[in-house]
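Undergrad: Starting off with a structure, shown below.
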Amino acid sequence: MQHAFKTPTLRNVDRRAPYMHDGSLGTLEQVIEFYDKGGAVKRQSVSPEIKPLNLTEHEKHDLLAF
């Protein structure tokens with residue numbers, strides 16, 4: 001499983017910046033934008049199901065509040 005990462009718990013996620021496996025994103029807003037764009041890395045091992053989410057601003061706000 002090259003390029004695979006263990007998914008951590010979401011408990012207190014708002015207090016555990018930076019985010020991502022490499023600490024490259026400093027806020028949850030940046031994480032939401034990253035996934036909304038469908039990620040940044042395009043390699044053969046990335047699932048074809050990974051694609052932009054096209055969230056509305058309201059959906060992004062709701063996700064952050066959750």
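Labeling convention for the structure tokens: chains A, B, ... as they appear, residues from 1 per chain, ligands from 1 in order of appearance.
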Find the residues around segment 35-50 of chain A up to 9 Å (only C-alpha atoms counted), leave out those fewer than 6 positions away in its own chain, and share them as a PyMOL selection string.

TA: chain A and resi 2-3+60

Undergrad: Neighbours of Phe5 of chain A within 12 Å (only C-alpha atoms; same-chain residues fewer than 2 positions away dropped), as a PyMOL selection string?

TA: chain A and resi 1-3+7-8+20-22

Undergrad: Find the residue from A:Lys51, A:Pro18, A:Asp62, A:Thr9 that sits nearest to Gln30 of chain A; use only C-alpha atoms when measuring.

TA: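 Closest candidate: A:Pro18.
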